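Have a look at coords.txt below; it lists compact mmCIF, C-alpha atoms.
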```
# COMPACT_ATOMS: atom_id res chain seq x y z
CA MET U 1 -8.76 -19.97 14.83
CA PRO U 2 -5.58 -21.45 16.32
CA THR U 3 -5.11 -24.10 13.63
CA ALA U 4 -2.10 -24.82 11.44
CA ARG U 5 -3.35 -22.11 9.08
CA THR U 6 -2.34 -19.31 11.44
CA THR U 7 1.32 -20.13 10.89
CA ALA U 8 0.97 -19.75 7.10
CA THR U 9 2.47 -16.44 6.01
CA GLY U 10 -0.61 -15.29 4.07
CA HIS U 11 -3.34 -15.79 6.68
CA GLY U 12 -4.53 -14.03 9.81
CA PHE U 13 -2.39 -10.94 10.31
CA GLY U 14 -0.45 -12.03 7.22
CA ARG U 15 -3.54 -11.24 5.16
CA VAL U 16 -3.13 -7.51 5.92
CA LEU U 17 0.63 -7.72 5.43
CA VAL U 18 0.22 -9.20 1.95
CA PHE U 19 -2.32 -6.50 1.09
CA VAL U 20 0.00 -3.68 2.15
CA TYR U 21 2.91 -5.31 0.30
CA GLY U 22 0.67 -5.61 -2.75
CA ILE U 23 -0.13 -1.90 -2.62
CA PHE U 24 3.58 -1.06 -2.45
CA ALA U 25 4.38 -3.52 -5.22
CA LEU U 26 1.90 -1.71 -7.45
CA ALA U 27 2.94 1.78 -6.35
CA ALA U 28 6.66 1.11 -6.79
CA THR U 29 6.18 -0.65 -10.14
CA GLY U 30 3.99 2.17 -11.41
CA ARG U 31 6.41 4.80 -10.21
CA SER U 32 9.54 3.20 -11.66
CA THR U 33 7.88 2.32 -14.98
CA LEU U 34 6.79 5.93 -15.34
CA GLN U 35 10.20 7.31 -14.32
CA LEU U 36 12.18 4.99 -16.60
CA ALA U 37 9.79 5.44 -19.53
CA THR U 38 9.61 9.22 -19.45
CA LYS U 39 12.85 10.56 -17.97
CA ALA U 40 15.37 7.75 -17.38
CA SER U 41 18.45 9.88 -18.13
CA GLU U 42 17.56 12.68 -15.73
CA ALA U 43 18.29 10.81 -12.52
CA PRO U 44 19.69 7.34 -13.24
CA LEU U 45 20.51 6.45 -9.62
CA PRO U 46 17.11 7.06 -7.97
CA TYR U 47 15.27 5.64 -10.96
CA SER U 48 17.24 2.38 -10.95
CA LEU U 49 16.70 2.18 -7.19
CA SER U 50 12.96 2.63 -7.74
CA ALA U 51 13.06 -0.30 -10.15
CA VAL U 52 14.98 -2.45 -7.62
CA ALA U 53 12.44 -1.54 -4.92
CA ALA U 54 9.60 -2.48 -7.26
CA VAL U 55 11.08 -5.94 -7.93
CA VAL U 56 11.71 -6.49 -4.20
CA TYR U 57 8.11 -5.58 -3.31
CA VAL U 58 6.64 -7.75 -6.06
CA VAL U 59 8.69 -10.81 -5.05
CA ALA U 60 8.02 -10.24 -1.33
CA THR U 61 4.25 -9.99 -1.97
CA PHE U 62 4.33 -13.20 -4.00
CA ALA U 63 6.40 -15.04 -1.38
CA LEU U 64 4.21 -13.93 1.54
CA ALA U 65 0.97 -14.69 -0.29
CA THR U 66 2.06 -18.20 -1.29
CA GLY U 67 3.78 -19.08 1.99
CA ARG U 68 7.35 -19.24 0.64
CA ARG U 69 8.95 -18.36 3.95
CA ARG U 70 12.62 -18.44 2.88
CA LEU U 71 12.08 -16.27 -0.18
CA ALA U 72 9.95 -13.91 1.92
CA LEU U 73 12.68 -13.63 4.55
CA ALA U 74 15.30 -12.88 1.90
CA THR U 75 13.26 -10.20 0.11
CA VAL U 76 11.99 -8.54 3.29
CA GLY U 77 15.60 -8.53 4.55
CA ILE U 78 16.81 -6.88 1.33
CA GLU U 79 13.97 -4.39 1.70
CA LEU U 80 15.07 -3.44 5.22
CA VAL U 81 18.70 -3.00 4.13
CA GLY U 82 17.53 -1.03 1.09
CA VAL U 83 15.35 1.41 2.96
CA LEU U 84 18.07 2.00 5.58
CA LEU U 85 20.86 2.48 3.00
CA VAL U 86 18.82 4.72 0.71
CA GLY U 87 17.44 6.56 3.73
CA VAL U 88 20.89 7.37 5.09
CA THR U 89 22.52 8.16 1.73
CA SER U 90 19.62 10.34 0.57
CA LEU U 91 20.07 12.46 3.68
CA VAL U 92 23.89 12.59 3.51
CA TRP U 93 24.24 13.05 -0.27
CA PRO U 94 20.97 14.68 -1.37
CA ARG U 95 22.61 15.80 -4.64
CA ASP U 96 22.76 12.19 -5.85
CA TYR U 97 18.98 12.04 -5.48
CA PRO U 98 17.53 14.79 -7.69
CA ASP U 99 14.22 12.91 -7.69
CA ALA U 100 12.64 10.77 -5.00
CA THR U 101 12.51 6.98 -4.76
CA VAL U 102 10.09 5.00 -2.60
CA TRP U 103 12.88 4.62 -0.04
CA SER U 104 14.21 8.22 0.01
CA ASP U 105 14.37 9.81 3.49
CA PHE U 106 13.36 6.44 4.99
CA GLY U 107 10.10 6.46 3.03
CA ALA U 108 8.88 9.80 4.38
CA GLY U 109 6.85 10.37 1.20
CA TYR U 110 4.79 7.30 2.06
CA GLY U 111 4.26 8.07 5.74
CA TYR U 112 7.38 6.07 6.74
CA VAL U 113 5.43 2.89 5.95
CA PRO U 114 8.38 1.59 3.83
CA LEU U 115 10.54 1.75 6.98
CA VAL U 116 8.02 0.08 9.31
CA LEU U 117 6.89 -2.56 6.82
CA PRO U 118 10.07 -4.72 6.66
CA VAL U 119 10.40 -4.66 10.47
CA VAL U 120 6.80 -5.86 10.87
CA GLY U 121 7.39 -8.34 8.04
CA LEU U 122 10.47 -9.84 9.70
CA TRP U 123 8.64 -10.03 13.05
CA TRP U 124 5.75 -11.86 11.40
CA LEU U 125 7.99 -14.28 9.48
CA LEU U 126 10.28 -15.11 12.42
CA ARG U 127 7.33 -15.51 14.78
CA GLY U 128 5.73 -17.95 12.32
CA ALA U 129 9.01 -19.84 11.92
CA ARG U 130 9.31 -20.29 15.71
CA ARG U 131 5.73 -21.58 15.86
CA ASP U 132 6.47 -24.08 13.10
CA LEU U 133 9.46 -25.39 15.08
CA ALA U 134 7.44 -25.59 18.29
CA ASP U 135 4.72 -27.58 16.53
CA ARG U 136 7.16 -30.27 15.42
CA MET F 1 -13.93 17.50 -7.40
CA LYS F 2 -12.92 18.86 -3.98
CA THR F 3 -16.47 18.39 -2.63
CA LEU F 4 -16.64 14.88 -4.06
CA GLU F 5 -13.31 14.01 -2.45
CA LEU F 6 -14.50 15.40 0.90
CA VAL F 7 -17.69 13.31 0.78
CA ILE F 8 -15.73 10.16 -0.13
CA THR F 9 -13.13 10.86 2.57
CA ALA F 10 -15.87 11.29 5.20
CA ALA F 11 -17.50 8.00 4.15
CA CYS F 12 -14.10 6.24 4.22
CA LEU F 13 -13.17 7.56 7.66
CA LEU F 14 -16.58 6.72 9.15
CA SER F 15 -16.39 3.20 7.71
CA ALA F 16 -12.82 2.90 8.98
CA LEU F 17 -13.97 3.88 12.46
CA TRP F 18 -16.72 1.28 12.28
CA LEU F 19 -14.17 -1.32 11.15
CA VAL F 20 -12.00 -0.52 14.17
CA VAL F 21 -15.02 -1.22 16.40
CA LEU F 22 -15.58 -4.50 14.55
CA LEU F 23 -11.89 -5.38 14.92
CA VAL F 24 -11.91 -4.75 18.65
CA ARG F 25 -15.07 -6.83 19.10
CA ASP F 26 -13.68 -9.48 16.71
CA ARG F 27 -16.69 -9.39 14.38
CA THR F 28 -16.70 -9.74 10.61
CA PRO F 29 -18.06 -6.86 8.48
CA ASP F 30 -21.83 -6.63 8.23
CA ARG F 31 -23.96 -6.13 5.13
CA ARG F 32 -24.46 -2.43 5.76
CA LEU F 33 -20.74 -1.72 5.78
CA LEU F 34 -20.33 -3.48 2.44
CA ASP F 35 -23.21 -1.33 1.09
CA VAL F 36 -21.37 1.81 2.22
CA MET F 37 -18.20 0.54 0.53
CA LEU F 38 -20.18 -0.07 -2.66
CA GLY F 39 -21.39 3.54 -2.42
CA VAL F 40 -17.78 4.72 -1.96
CA GLU F 41 -16.76 2.75 -5.04
CA LEU F 42 -19.54 4.27 -7.17
CA LEU F 43 -18.50 7.76 -6.06
CA LEU F 44 -14.88 6.87 -6.89
CA LEU F 45 -15.95 5.95 -10.43
CA VAL F 46 -17.59 9.39 -10.75
CA HIS F 47 -14.35 10.82 -9.32
CA LEU F 48 -12.38 9.00 -12.04
CA ALA F 49 -14.57 10.49 -14.77
CA VAL F 50 -14.37 14.00 -13.32
CA GLY F 51 -10.60 13.61 -12.84
CA VAL F 52 -9.98 12.46 -16.43
CA VAL F 53 -11.96 15.43 -17.78
CA LYS F 54 -9.99 17.74 -15.46
CA VAL F 55 -6.59 16.34 -16.47
CA ALA F 56 -7.44 16.63 -20.18
CA GLY F 57 -7.28 20.40 -19.76
CA ALA F 58 -4.33 20.40 -17.36
CA PRO F 59 -1.57 23.05 -17.46
CA ALA F 60 1.57 21.86 -19.26
CA GLY F 61 3.53 21.29 -16.02
CA VAL F 62 1.20 18.68 -14.53
CA ALA F 63 2.49 15.09 -14.59
CA VAL F 64 -0.52 13.75 -16.47
CA TRP F 65 0.32 10.03 -16.42
CA GLU F 66 1.16 10.06 -12.74
CA TYR F 67 -2.16 11.82 -12.09
CA VAL F 68 -4.08 9.29 -14.18
CA GLY F 69 -2.22 6.47 -12.41
CA TYR F 70 -3.47 7.65 -9.03
CA LEU F 71 -7.00 8.24 -10.42
CA VAL F 72 -7.16 4.64 -11.65
CA GLY F 73 -5.37 3.24 -8.58
CA VAL F 74 -7.86 4.78 -6.16
CA VAL F 75 -10.71 3.11 -8.07
CA LEU F 76 -9.02 -0.31 -7.80
CA ILE F 77 -8.06 -0.25 -4.12
CA VAL F 78 -11.51 -0.80 -2.53
CA PRO F 79 -12.59 -3.74 -4.75
CA ALA F 80 -9.12 -5.26 -4.34
CA GLY F 81 -9.52 -5.05 -0.57
CA VAL F 82 -12.99 -6.64 -0.66
CA VAL F 83 -11.77 -9.51 -2.84
CA TRP F 84 -8.61 -10.11 -0.79
CA SER F 85 -10.48 -10.03 2.54
CA SER F 86 -13.39 -12.20 1.38
CA GLY F 87 -11.53 -15.48 1.77
CA GLU F 88 -10.53 -14.65 5.33
CA LYS F 89 -13.21 -14.48 8.04
CA THR F 90 -10.78 -13.33 10.74
CA ARG F 91 -9.49 -10.05 12.16
CA GLY F 92 -6.90 -10.11 9.37
CA GLY F 93 -9.59 -10.05 6.71
CA THR F 94 -11.40 -7.18 8.41
CA ALA F 95 -8.16 -5.23 8.74
CA VAL F 96 -7.59 -5.51 4.97
CA LEU F 97 -10.79 -3.48 4.44
CA LEU F 98 -9.56 -0.94 6.97
CA VAL F 99 -6.26 -0.50 5.10
CA ALA F 100 -8.07 -0.17 1.76
CA LEU F 101 -10.36 2.56 3.09
CA LEU F 102 -7.51 4.51 4.69
CA VAL F 103 -5.45 4.45 1.48
CA VAL F 104 -8.21 6.31 -0.40
CA PRO F 105 -7.84 9.73 1.35
CA PHE F 106 -4.05 9.34 1.19
CA MET F 107 -4.28 9.01 -2.59
CA PHE F 108 -6.50 12.12 -2.75
CA VAL F 109 -3.72 14.06 -1.00
CA ARG F 110 -1.26 12.69 -3.58
CA LEU F 111 -3.55 13.76 -6.43
CA SER F 112 -3.75 17.36 -5.24
CA ASP F 113 0.04 17.36 -4.57
CA ILE F 114 0.73 16.22 -8.14
CA TRP F 115 -1.63 18.88 -9.48
CA ALA F 116 -0.16 21.63 -7.28
CA ALA F 117 3.40 20.70 -8.30
CA GLY F 118 2.63 21.23 -11.98
CA ALA F 119 0.03 23.99 -12.01
```
structure tokens encoding of this file:
Amino acid sequence: MPTARTTATGHGFGRVLVFVYGIFALAATGRSTLQLATKASEAPLPYSLSAVAAVVYVVATFALATGRRRLALATVGIELVGVLLVGVTSLVWPRDYPDATVWSDFGAGYGYVPLVLPVVGLWWLLRGARRDLADR
Amino acid sequence: MKTLELVITAACLLSALWLVVLLVRDRTPDRRLLDVMLGVELLLLVHLAVGVVKVAGAPAGVAVWEYVGYLVGVVLIVPAGVVWSSGEKTRGGTAVLLVALLVVPFMFVRLSDIWAAGA
């Protein structure tokens, strides 16, 4: 259906993207709530990072689902920077990460989906933005 | 519980394969596939009950709340996928079902990992 709807961030391929983001929003929120509620003092750095990741995923899901392209770009961008930074630092200074976050080791615990997701997300958002410009 | 998980995994993977065929041919899911997914969901509810009973007698080291979180999450994923894909009669909508079905076996692996880490 090559109508205007295909450029909306939450339709077509975006439908799957929002679903996967939703899963990660839930998983990261659940994980960080559990970590902060039961053992916050054990590993403050990874647990705060888990909470940051959770917020980023929740906002990104909301932005993609409702077609807020700017907000989506910002959060997906933060997500990419986050997964790269945490990925590198968790490998270089493993002692600072006594427990895992969603983004540890580039998201290896989640099949590297956290690493692939922001790249796909940015591709999808920028592709849609170009289409919008071309339509004008 | 292992047998139950194997049966559910087999049903999920077969449905996933069928969904790939549908995706390639650009068709929307048929009635029979939705029936299979309903069957998967009913088995997942049994799985939840069995899992809760199992975790009630868990060794002290098992992360009970994490385990319960995954037990409940795996029950929610398939209906969530059906609801989210229902408004979208495109490849995107079909692919949502595919993702939902593939997440189920992944969460089974997580469940046994959590159990093994604490037992």
| said: Using Å and a single decimal, report how far CA of Gly67 (chain U) sits from CA of Asp135 (chain U). | reply: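 If I compute the distance from CA of Asp135 (chain U) to CA of Gly67 (chain U), I get 16.9 Å.
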| Can you tell me, as a ChimeraX atom specification, what residues are no more than 10 Å from Gly107 (chain U) when counting all atoms listed in the file, ignoring any on the same chain fewer than 5 positions away? | /U:83-84,86-87,100-102,112-116
| query | Need the neighbours of (8.4, 3.8, -14.2): which residues are at most 10 Å away, counting only C-alpha atoms, as an NGL selection string? | reply | (:U and (27-40 or 47-48 or 50-51 or 54)) or (:F and (66))
Proximity of chain F to chain U: per-residue shortest pair, 12 Å limit, only C-alpha atoms, as a Markdown table:
```
| residue | atom | partner | partner_atom | distance |
| --- | --- | --- | --- | --- |
| F:Leu23 | CA | U:Phe13 | CA | 11.9 |
| F:Asp26 | CA | U:Met1 | CA | 11.7 |
| F:Ala63 | CA | U:Leu34 | CA | 10.1 |
| F:Val64 | CA | U:Leu34 | CA | 10.8 |
| F:Trp65 | CA | U:Leu34 | CA | 7.7 |
| F:Glu66 | CA | U:Leu34 | CA | 7.5 |
| F:Tyr67 | CA | U:Leu34 | CA | 11.2 |
| F:Val68 | CA | U:Gly30 | CA | 11.1 |
| F:Gly69 | CA | U:Gly30 | CA | 7.6 |
| F:Tyr70 | CA | U:Ala27 | CA | 9.1 |
| F:Val72 | CA | U:Gly30 | CA | 11.4 |
| F:Gly73 | CA | U:Ala27 | CA | 8.7 |
| F:Val74 | CA | U:Ile23 | CA | 10.8 |
| F:Leu76 | CA | U:Ile23 | CA | 10.4 |
| F:Ile77 | CA | U:Ile23 | CA | 8.2 |
| F:Val78 | CA | U:Phe19 | CA | 11.4 |
| F:Ala80 | CA | U:Phe19 | CA | 8.8 |
| F:Gly81 | CA | U:Phe19 | CA | 7.5 |
| F:Val82 | CA | U:Phe19 | CA | 10.8 |
| F:Val83 | CA | U:Phe19 | CA | 10.7 |
| F:Trp84 | CA | U:Phe19 | CA | 7.5 |
| F:Ser85 | CA | U:Arg15 | CA | 7.5 |
| F:Ser86 | CA | U:Arg15 | CA | 10.6 |
| F:Gly87 | CA | U:His11 | CA | 9.6 |
| F:Glu88 | CA | U:His11 | CA | 7.4 |
| F:Lys89 | CA | U:Gly12 | CA | 8.9 |
| F:Thr90 | CA | U:Gly12 | CA | 6.4 |
| F:Arg91 | CA | U:Gly12 | CA | 6.8 |
| F:Gly92 | CA | U:Gly12 | CA | 4.6 |
| F:Gly93 | CA | U:Arg15 | CA | 6.4 |
| F:Thr94 | CA | U:Val16 | CA | 8.6 |
| F:Ala95 | CA | U:Val16 | CA | 6.2 |
| F:Val96 | CA | U:Val16 | CA | 5.0 |
| F:Leu97 | CA | U:Val16 | CA | 8.8 |
| F:Leu98 | CA | U:Val16 | CA | 9.3 |
| F:Val99 | CA | U:Val20 | CA | 7.6 |
| F:Ala100 | CA | U:Phe19 | CA | 8.6 |
| F:Leu102 | CA | U:Val20 | CA | 11.4 |
| F:Val103 | CA | U:Ile23 | CA | 9.2 |
| F:Val104 | CA | U:Ile23 | CA | 11.7 |
| F:Phe106 | CA | U:Tyr110 | CA | 9.1 |
| F:Met107 | CA | U:Tyr110 | CA | 10.3 |
| F:Val109 | CA | U:Tyr110 | CA | 11.3 |
| F:Arg110 | CA | U:Gly109 | CA | 9.7 |
| F:Asp113 | CA | U:Gly109 | CA | 11.3 |
```
Could you write out the selected residues, including C-alpha atoms, as an mmCIF file, keeping the file's coordinate frame?
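Wrote selection-v4.cif, looks like this:
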```
data_model
loop_
_atom_site.group_PDB
_atom_site.id
_atom_site.type_symbol
_atom_site.label_atom_id
_atom_site.label_comp_id
_atom_site.auth_asym_id
_atom_site.auth_seq_id
_atom_site.Cartn_x
_atom_site.Cartn_y
_atom_site.Cartn_z
ATOM 1 C CA LEU F 23 -11.890 -5.380 14.920
ATOM 2 C CA ASP F 26 -13.680 -9.480 16.710
ATOM 3 C CA ALA F 63 2.490 15.090 -14.590
ATOM 4 C CA VAL F 64 -0.520 13.750 -16.470
ATOM 5 C CA TRP F 65 0.320 10.030 -16.420
ATOM 6 C CA GLU F 66 1.160 10.060 -12.740
ATOM 7 C CA TYR F 67 -2.160 11.820 -12.090
ATOM 8 C CA VAL F 68 -4.080 9.290 -14.180
ATOM 9 C CA GLY F 69 -2.220 6.470 -12.410
ATOM 10 C CA TYR F 70 -3.470 7.650 -9.030
ATOM 11 C CA VAL F 72 -7.160 4.640 -11.650
ATOM 12 C CA GLY F 73 -5.370 3.240 -8.580
ATOM 13 C CA VAL F 74 -7.860 4.780 -6.160
ATOM 14 C CA LEU F 76 -9.020 -0.310 -7.800
ATOM 15 C CA ILE F 77 -8.060 -0.250 -4.120
ATOM 16 C CA VAL F 78 -11.510 -0.800 -2.530
ATOM 17 C CA ALA F 80 -9.120 -5.260 -4.340
ATOM 18 C CA GLY F 81 -9.520 -5.050 -0.570
ATOM 19 C CA VAL F 82 -12.990 -6.640 -0.660
ATOM 20 C CA VAL F 83 -11.770 -9.510 -2.840
ATOM 21 C CA TRP F 84 -8.610 -10.110 -0.790
ATOM 22 C CA SER F 85 -10.480 -10.030 2.540
ATOM 23 C CA SER F 86 -13.390 -12.200 1.380
ATOM 24 C CA GLY F 87 -11.530 -15.480 1.770
ATOM 25 C CA GLU F 88 -10.530 -14.650 5.330
ATOM 26 C CA LYS F 89 -13.210 -14.480 8.040
ATOM 27 C CA THR F 90 -10.780 -13.330 10.740
ATOM 28 C CA ARG F 91 -9.490 -10.050 12.160
ATOM 29 C CA GLY F 92 -6.900 -10.110 9.370
ATOM 30 C CA GLY F 93 -9.590 -10.050 6.710
ATOM 31 C CA THR F 94 -11.400 -7.180 8.410
ATOM 32 C CA ALA F 95 -8.160 -5.230 8.740
ATOM 33 C CA VAL F 96 -7.590 -5.510 4.970
ATOM 34 C CA LEU F 97 -10.790 -3.480 4.440
ATOM 35 C CA LEU F 98 -9.560 -0.940 6.970
ATOM 36 C CA VAL F 99 -6.260 -0.500 5.100
ATOM 37 C CA ALA F 100 -8.070 -0.170 1.760
ATOM 38 C CA LEU F 102 -7.510 4.510 4.690
ATOM 39 C CA VAL F 103 -5.450 4.450 1.480
ATOM 40 C CA VAL F 104 -8.210 6.310 -0.400
ATOM 41 C CA PHE F 106 -4.050 9.340 1.190
ATOM 42 C CA MET F 107 -4.280 9.010 -2.590
ATOM 43 C CA VAL F 109 -3.720 14.060 -1.000
ATOM 44 C CA ARG F 110 -1.260 12.690 -3.580
ATOM 45 C CA ASP F 113 0.040 17.360 -4.570
#
```
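You can rank U:Ala63, U:Ala108, U:Pro46, U:Tyr97 by their closest distance to Ala8 (chain U) using only C-alpha atoms, and at the top of that list sits U:Ala63.
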| message | Please report the interatomic distance between CA of Leu133 (chain U) and CA of Val81 (chain U) in Å with one decimal. | response |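 Separating CA of Leu133 (chain U) from CA of Val81 (chain U) is a distance of 26.6 Å.
Taking CA of Leu73 (chain U) as the reference point, CA of Asp105 (chain U) is found at 23.5 Å.
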| F:Leu101, F:His47, F:Asp35, F:Asp30 ranked by distance to Ala16 (chain F), top pick (using only C-alpha atoms) |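 Ranked by minimum distance to Ala16 (chain F), first place goes to F:Leu101.
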Just need the box for region 9-27 of chain F, edges along x, y and z, holding every atom the file lists for it with 3 Å tacked onto each side, so centre and edge lengths in Å to one decimal, as lines of an AutoDock Vina configuration file.
```
center_x = -14.7
center_y = 0.9
center_z = 10.8
size_x = 11.6
size_y = 26.8
size_z = 22.5
```
| task | Write out as number ranges by chain the residues lying within 12 Å of Arg68 (chain U), counting all atoms listed in the file and excluding same-chain residues fewer than 4 positions away. | result | U: 7-10, 59-64, 72-76, 125, 128-129
| Among listed residues U:Trp103, U:Arg70, U:Val55, U:Pro44, nearest Leu91 (chain U) (using only C-alpha atoms) |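 Going through U:Trp103, U:Arg70, U:Val55, U:Pro44 one by one, the smallest distance to Leu91 (chain U) is for U:Trp103.
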